[in-house]
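Q: Before anything else, here's the structure in question.
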Amino acid sequence: MFAFIVKRVAQALLVMMIIGFIGFAIKHNFGDPVRDLVGQRVTPEERAEIRERLGLNDPFFVQYGRFLKNAVQGDLGRSFFFKKPAMDIIMQKAPATLELVFASACIIVFLSVPLGIFCAIRPRHWFSRFTMGGSIVGVSMPVFLTAILLIYVFSVELGWLPSYGRGETVTLFGWWKSGLLTADGLEHLIMPSIALSSIMLPLFIRLIRSEMMEVLESEYVKYAWAKGIKPSRVWIVHAFKNTLLPVITVGGVQLGIMVAFTILTETVFNWQGMGAMFIESVERADTSLMVAYLVFVGFIFVLVNTLVDIIYGLINPMVRVAGRK
Amino acid sequence: MRSKWQRFKESYFLYSFLRDPIAYISFGILLVLVVSAFGAPIIAPHDPYNPTTIDIMDAEMPPAWYDGGSTEFLLGTDAQGRDMLSTMLYGMRVSIIIGLGAVALQAVIGIVVGLLSGYVRKLDNILMRIADVQLSFSTYMVAIFIGAIFQTVFGVGNYAKVAIPLLIIIIGLAEWPQYARTIRANVLAERKKEYVEAARIIGLSKKRIMWRHILPNTLSPILVISTVQVANAIMSEAALSFLGLGMPVTRPSLGSLITAGFEYIFSGAWWITIFPGIILVALILVINLLGDWLRDYLNPKLYKG
């Protein structure tokens with residue numbers, strides 16, 4: 001087990017090095033740190049001097065090493081547009097994105113589990129057919145289109161819900177701006193979180209359903225029926241518990257992937273999170289901030305995947321053996 | 001000797017196709033969409049690429065059956081005064097071209113990588129690690145990153161000029177791992193079979209076994225994944241366009257049409273967004289349904305109830 005964890009962590013570090021390398025290569029070739037620091041009025045001589053002082057004339061790999069060293073210490077460069085360290089801006093925007101992902105994850109878990117179970121135990125019921133049909137349509141619908149439709153129906157036509165921004169926020173622990181604690185903030189959260197969950201919900205329903213149907217065919221479930229255990233117990237305790245393992249592994253990774261979709265959702269709803277920030281930084285050619293986002297999100301993905309892998313390894317020893325060869 | 005057509009008419013493929021209403025209805029819709037997209041220059045009542053035919057005075061006209069609509073513009077006009085119907089047809093053509101192109105690129109990368117890693121043990125670990133890492137980032141994220149990088153490299157103006165080939169490359173590079181993995185899994189299953197052993201015993205080269213013996217036997221999963229990937233690629237393109245990393249508004253795809261319309265949705269001009277949206281969802285949905293059907297047909301053992 002120890003060897004397995006070491007191997008996974010080493011792999012994660014390697015991936016982070018590569019992500020850092022890609023990020024640095026972008027920055028090195030297309031970003032200009034001098035421009036990020038000074039304004040228009042600085043003479044070429046002064047610029048050259050700043051270049052020299054910052055070590056921008058050093059060999060590529062020396063600079064890469066310095067970039068990695070700084071990155072480990074949490075310094076990912078300065079944003080040209082905001083004139084602040086990129087990491088500060090990301091930390092300032094991160095709570096919005098995390099709250100959005102959290103709300104969507106709640107919607108997904110609370111809806112997909114009962115729906116998935118129902119579709120598995122009553123596959124021919126009209127409601128199951130309806131859910132499955134709906135899930136195919138859901139998979140075929142781009143997130144931003146769902147978001148736009150929601151805005152059109154609930155904001156433009158009905159005027160029930162606000163269409164952009166986070167609403168009123170309260171500050172927690174001195175820096176975490178939370179919209180979860182005010183009525184206005186929650187109202188603003190409804191549509192973005194539904195839009196964000198719309199892409200994963202069908203996948204989860206289908207996953208839970210197919211895993212559960214497989215388990216229901218197995219010998220021990222048949223045996224449980226034969227023993228005369230009451231249906232609700234067979235479904236929940238015997239069958240559902242054993243569908244959880246694959247669902248958790250796939251689910252863990254998918255929840256990481258939801259960060260990718262926040263870019264789209266946040267752009268539609270003008271949600272002031274990391275995703276919207278990233279698109280703005282692309283539009284402003286703010287290379288430092290772009291690269292900082294890439295490295296930061298890469299870090300989150302790698303962290304989530306490694307943790308899921310390790311947890312899975314703890315639960316299911318077969319993975320460890322198969323991974324070793 | 002029966003002709004090919006006769007054999008096709010009596011085949012099990014056609015029989016099971018005609019027995020499944022979902023299959024033939026979605027095929028019919030797909031056919032209509034594709035034909036009208038590629039026939040756009042003939043069918044479309046207006047030419048959205050030709051600025052001389054566009055009159056800004058016609059902008060934001062509602063569909064013909066609404067007050068203020070005109071029969072000249074059946075589905076209304078967009079913010080620049082272009083006929084929605086024609087613009088959508090041309091846009092759909094762009095979307096389909098990008099979808100097909102991206103899948104072709106994926107197929108090339110995916111087949112080469114899949115065959116190599118399925119048959120050459122040493123490469124397997126490295127290539128599949130790369131695929132794993134890329135997949136864990138989700139294809140959207142990778143596509144958005146590559147798009148962002150390309151835009152920084154080329155600058156917004158030049159990006160728009162070569163948008164179609166660029167988007168094909170971006171989506172192709174972002175989505176090859178799924179392709180490669182499917183093929184690798186099949187190659188691994190195939191190489192254990194006796195005909196491969198036999199081919200090896202009579203002394204055929206590895207290359208020949210890979211391309212002439214194993215590849216043809218993995219064609220059916222390739223077919224299924226290609227269908228699904230076309231739908232994915234069209235969706236990715238729409239997402240990229242929505243973020244401003246895709247087609248420019250002057251030569252719109254379905255995605256950039258939706259984006260362009262989004263700004264006007266608050267003033268009540270819903271048709272600029274909703275119509276391309278419907279077409280986009282319809283296109284992706286029928287491709288997905290056909291992919292599902294194809295998978296069930298080619299692999300009847302795989303029951304999905």
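Going through the structure tokens in order, the chains are called A, B, and so on, while each chain numbers its residues from 1 and the ligands are numbered from 1 in the order shown.
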Using only C-alpha atoms, I'd like every residue of chain B that has an atom within 6 Å of chain A; please write them out as a ChimeraX atom specification.

A: /B:138,141,281,284-285

Q: Got time to write the residues from that selection, C-alpha atoms, as a PDB file, in the first residue's frame?

A:
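So the final result, stored in out.pdb, reads:
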```pdb
ATOM      1  CA  SER B 138     -11.712  16.903 -19.275  1.00  0.00           C
ATOM      2  CA  MET B 141     -10.660  22.269 -20.390  1.00  0.00           C
ATOM      3  CA  VAL B 281     -29.454  20.248 -29.806  1.00  0.00           C
ATOM      4  CA  ILE B 284     -26.260  16.458 -31.415  1.00  0.00           C
ATOM      5  CA  LEU B 285     -29.231  14.472 -30.145  1.00  0.00           C
TER       6      LEU B 285
END
```

Q: Within 12 Å of region 72-82 of chain A, counting only C-alpha atoms, which residues show up once you throw out same-chain ones fewer than 2 positions away? Write them as JSON, numbers by chain, please.

A: {"A": [13, 16, 17, 20, 23, 24, 27, 28, 31, 32, 33, 34, 35, 36, 37, 38, 39, 65, 66, 67, 68, 69, 70, 84, 85, 86, 87, 88, 89, 90, 91, 277, 278, 280, 281, 282, 283, 284, 285, 286, 287, 288, 289, 290, 291, 292, 293, 294, 295, 296, 299]}

Q: Output C-alpha atoms of each residue in that selection to a file, as a short mmCIF file (atom, residue, chain, number, x, y, z; two decimals), in the first residue's frame.

A:
```cif
data_model
loop_
_atom_site.label_atom_id
_atom_site.label_comp_id
_atom_site.auth_asym_id
_atom_site.auth_seq_id
_atom_site.Cartn_x
_atom_site.Cartn_y
_atom_site.Cartn_z
CA LEU A 13 4.38 15.48 -9.01
CA MET A 16 2.50 18.98 -12.08
CA MET A 17 6.04 19.50 -13.42
CA GLY A 20 4.27 23.89 -14.97
CA GLY A 23 2.57 27.09 -18.43
CA PHE A 24 6.08 28.43 -18.27
CA LYS A 27 4.69 32.68 -20.43
CA HIS A 28 8.23 32.63 -21.70
CA GLY A 31 4.17 37.02 -22.00
CA ASP A 32 6.32 40.00 -21.21
CA PRO A 33 6.97 40.46 -17.49
CA VAL A 34 8.47 43.88 -18.11
CA ARG A 35 5.23 45.04 -19.69
CA ASP A 36 3.41 43.58 -16.69
CA LEU A 37 5.48 45.73 -14.36
CA VAL A 38 5.96 49.07 -16.05
CA GLY A 39 3.90 51.45 -18.13
CA GLY A 65 13.65 26.24 -12.34
CA ARG A 66 13.01 29.64 -10.80
CA PHE A 67 9.39 29.52 -11.95
CA LEU A 68 8.93 26.11 -10.30
CA LYS A 69 10.57 27.28 -7.11
CA ASN A 70 8.29 30.30 -6.92
CA LYS A 84 -1.46 42.35 -8.22
CA PRO A 85 0.04 38.90 -7.65
CA ALA A 86 -1.95 36.42 -9.74
CA MET A 87 -2.38 34.09 -6.80
CA ASP A 88 -4.14 36.80 -4.76
CA ILE A 89 -6.67 37.33 -7.51
CA ILE A 90 -7.28 33.62 -7.86
CA MET A 91 -7.78 33.22 -4.13
CA MET A 277 -11.67 35.57 -14.68
CA PHE A 278 -9.83 33.16 -16.95
CA GLU A 280 -11.32 37.79 -19.24
CA SER A 281 -7.60 37.23 -18.90
CA VAL A 282 -7.57 35.53 -22.31
CA GLU A 283 -9.38 38.49 -23.83
CA ARG A 284 -6.95 40.93 -22.22
CA ALA A 285 -3.92 38.82 -23.20
CA ASP A 286 -3.03 38.77 -19.51
CA THR A 287 -0.62 35.85 -19.90
CA SER A 288 0.53 35.67 -16.29
CA LEU A 289 -2.98 35.33 -14.94
CA MET A 290 -3.89 32.80 -17.64
CA VAL A 291 -0.91 30.65 -16.79
CA ALA A 292 -1.56 31.01 -13.06
CA TYR A 293 -5.11 29.74 -13.60
CA LEU A 294 -3.84 26.85 -15.71
CA VAL A 295 -1.38 25.80 -13.03
CA PHE A 296 -3.88 26.28 -10.20
CA PHE A 299 -3.17 21.38 -9.32
#
```

Q: Tell me, in Å to one decimal, how far CA of Ile25 (chain B) is from CA of Gln229 (chain B).

A: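 Atom-to-atom, CA of Ile25 (chain B) and CA of Gln229 (chain B) are spaced 20.4 Å apart.
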
Q: Could you name the residues that touch Asn232 (chain B) at 12 Å or less, counting only C-alpha atoms, but leaving out those on the same chain fewer than 6 positions away, as a PyMOL selection string?

A: (chain A and resi 139-142) or (chain B and resi 95-96+98-100+102-103+106+139-140+143+171-172+174-176+178-179+225-226+238-239+280-281+283-285+287-288+291)

Q: Report, in Å to a single decimal, how far apart CA of Leu161 (chain A) and CA of Pro192 (chain A) are.

A: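 Taking CA of Pro192 (chain A) as the start and CA of Leu161 (chain A) as the end point, the length is 10.8 Å.
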
Q: From the options A:Leu189, A:Ile208, A:Ala239, A:Cys119, which residue's atoms come nearest to Tyr223 (chain A), counting only C-alpha atoms?

A: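 Answer, going by the shortest atom-to-atom distance: A:Ala239.
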
Q: Skip Ile311 (chain A) itself and residues of its chain fewer than 4 positions away, then list as a list in words all residues within 10 Å of it, counting only C-alpha atoms.

A: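 The residues satisfying every condition are Ile5, Ile248, Thr249, Asn305, Thr306, Leu307, Ile315 and Asn316 of chain A.
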
Q: Write out, as a short mmCIF file (atom, residue, chain, number, x, y, z; two decimals), in the first residue's frame, the residues just selected, with N, CA and C atoms.

A:
```
data_model
loop_
_atom_site.label_atom_id
_atom_site.label_comp_id
_atom_site.auth_asym_id
_atom_site.auth_seq_id
_atom_site.Cartn_x
_atom_site.Cartn_y
_atom_site.Cartn_z
N ILE A 5 1.00 4.31 -2.78
CA ILE A 5 0.81 5.74 -2.52
C ILE A 5 2.00 6.54 -3.02
N ILE A 248 -18.55 6.28 -6.72
CA ILE A 248 -17.66 7.24 -6.05
C ILE A 248 -16.41 7.52 -6.88
N THR A 249 -15.83 6.47 -7.44
CA THR A 249 -14.60 6.72 -8.20
C THR A 249 -14.87 7.56 -9.42
N ASN A 305 -7.67 13.78 -8.46
CA ASN A 305 -7.47 12.46 -9.06
C ASN A 305 -6.60 11.57 -8.20
N THR A 306 -5.54 12.15 -7.65
CA THR A 306 -4.64 11.34 -6.83
C THR A 306 -5.37 10.86 -5.58
N LEU A 307 -6.13 11.77 -4.95
CA LEU A 307 -6.87 11.36 -3.75
C LEU A 307 -7.86 10.25 -4.08
N ILE A 315 -9.82 1.05 -0.68
CA ILE A 315 -11.05 0.26 -0.62
C ILE A 315 -10.90 -1.04 -1.40
N ASN A 316 -10.27 -0.94 -2.57
CA ASN A 316 -10.23 -2.08 -3.47
C ASN A 316 -8.80 -2.51 -3.75
#
```

Q: So which residues touch region 190-203 of chain B within 9 Å, counting only C-alpha atoms, skipping near sequence neighbours fewer than 3 positions away, as a list in words?

A: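 Returned residues: Gly118, Tyr119, Ala185, Asn186, Val187, Lys206, Ile209, His213, Ile214, Asn217 and Thr218 of chain B.
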
Q: Dump C-alpha atoms for the selected residues as an mmCIF file, in the first residue's frame?

A:
```cif
data_model
loop_
_atom_site.group_PDB
_atom_site.id
_atom_site.type_symbol
_atom_site.label_atom_id
_atom_site.label_comp_id
_atom_site.auth_asym_id
_atom_site.auth_seq_id
_atom_site.Cartn_x
_atom_site.Cartn_y
_atom_site.Cartn_z
ATOM 1 C CA GLY B 118 -1.930 -2.006 -27.920
ATOM 2 C CA TYR B 119 0.773 -3.847 -29.756
ATOM 3 C CA ALA B 185 -8.700 -1.911 -25.471
ATOM 4 C CA ASN B 186 -9.883 -3.641 -28.636
ATOM 5 C CA VAL B 187 -6.387 -4.267 -29.912
ATOM 6 C CA LYS B 206 4.385 -6.584 -36.900
ATOM 7 C CA ILE B 209 -0.331 -7.635 -38.581
ATOM 8 C CA HIS B 213 -5.173 -7.953 -39.496
ATOM 9 C CA ILE B 214 -5.957 -6.226 -36.231
ATOM 10 C CA ASN B 217 -11.248 -6.251 -36.766
ATOM 11 C CA THR B 218 -11.497 -3.198 -34.541
#
```

Q: Mind checking DSSP for region 32-271 of chain A and telling me the helix (DSSP H, G or I) residues as a PyMOL selection string?

A: chain A and resi 33-37+44-54+60-72+86-121+126-139+143-157+183-216+219-226+231-269

Q: Would you pick out the contacts of Ser193 (chain A) at 6 Å or less, using only C-alpha atoms, so that residues sharing its chain but fewer than 6 positions from it are not included, and give the list as a PyMOL selection string?

A: chain A and resi 100+103-104

Q: Could the residues in this selection be saved with C-alpha atoms as an mmCIF file, in the first residue's frame?

A:
```cif
data_model
loop_
_atom_site.group_PDB
_atom_site.id
_atom_site.type_symbol
_atom_site.label_atom_id
_atom_site.label_comp_id
_atom_site.auth_asym_id
_atom_site.auth_seq_id
_atom_site.Cartn_x
_atom_site.Cartn_y
_atom_site.Cartn_z
ATOM 1 C CA LEU A 100 -21.050 27.129 -7.314
ATOM 2 C CA ALA A 103 -24.202 23.736 -4.846
ATOM 3 C CA SER A 104 -24.223 21.810 -8.131
#
```

Q: Which neighbours of Tyr164 (chain A) fall inside 8 Å, counting only C-alpha atoms, when residues of the same chain fewer than 2 positions from it are skipped, and could you give them as a list of chain:residue names?

A: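 So, after excluding close chain neighbours, the residues are A:Pro162, A:Arg166, A:His188, A:Val268, A:Phe269, A:Asn270, A:Trp271.
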
Q: Using only C-alpha atoms, please write the residues we just selected to a file, as a compact mmCIF listing (two decimals), in the first residue's frame.

A:
```
# COMPACT_ATOMS: atom_id res chain seq x y z
CA PRO A 162 -31.82 37.41 -11.14
CA ARG A 166 -23.64 36.80 -7.07
CA HIS A 188 -28.54 34.28 -7.37
CA VAL A 268 -23.18 33.21 -19.03
CA PHE A 269 -24.23 34.35 -15.57
CA ASN A 270 -21.43 36.89 -15.15
CA TRP A 271 -20.56 35.00 -11.98
```

Q: Report the distance between CA of Arg233 (chain A) and CA of Phe127 (chain A) in Å, rounded to one decimal place.

A: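 Value for the CA of Arg233 (chain A)-CA of Phe127 (chain A) distance: 22.2 Å.
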
Q: Can you list, as a PDB file with N, CA and C atoms, in the first residue's frame, all residues belonging to region 82-304 of chain A that DSSP tags as strand (DSSP E or B)?

A:
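Saved result, states-v5.pdb, follows:
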```
ATOM      1  N   PRO A  85      -0.381  40.281  -7.433  1.00  0.00           N
ATOM      2  CA  PRO A  85       0.038  38.897  -7.646  1.00  0.00           C
ATOM      3  C   PRO A  85      -1.141  38.057  -8.131  1.00  0.00           C
ATOM      4  N   VAL A 170     -21.561  37.868   2.219  1.00  0.00           N
ATOM      5  CA  VAL A 170     -20.996  38.213   3.526  1.00  0.00           C
ATOM      6  C   VAL A 170     -19.580  37.679   3.585  1.00  0.00           C
ATOM      7  N   THR A 171     -18.724  38.354   4.313  1.00  0.00           N
ATOM      8  CA  THR A 171     -17.338  37.945   4.388  1.00  0.00           C
ATOM      9  C   THR A 171     -17.113  37.034   5.601  1.00  0.00           C
ATOM     10  N   LEU A 172     -16.570  35.856   5.316  1.00  0.00           N
ATOM     11  CA  LEU A 172     -16.263  34.917   6.385  1.00  0.00           C
ATOM     12  C   LEU A 172     -14.755  34.818   6.554  1.00  0.00           C
ATOM     13  N   TRP A 176     -13.157  35.011   2.779  1.00  0.00           N
ATOM     14  CA  TRP A 176     -14.064  34.178   1.997  1.00  0.00           C
ATOM     15  C   TRP A 176     -15.391  34.898   1.836  1.00  0.00           C
ATOM     16  N   LYS A 177     -15.638  35.436   0.629  1.00  0.00           N
ATOM     17  CA  LYS A 177     -16.912  36.108   0.380  1.00  0.00           C
ATOM     18  C   LYS A 177     -17.963  35.074   0.042  1.00  0.00           C
ATOM     19  N   SER A 178     -18.926  34.862   0.942  1.00  0.00           N
ATOM     20  CA  SER A 178     -19.886  33.793   0.749  1.00  0.00           C
ATOM     21  C   SER A 178     -21.252  34.333   0.365  1.00  0.00           C
TER      22      SER A 178
END
```
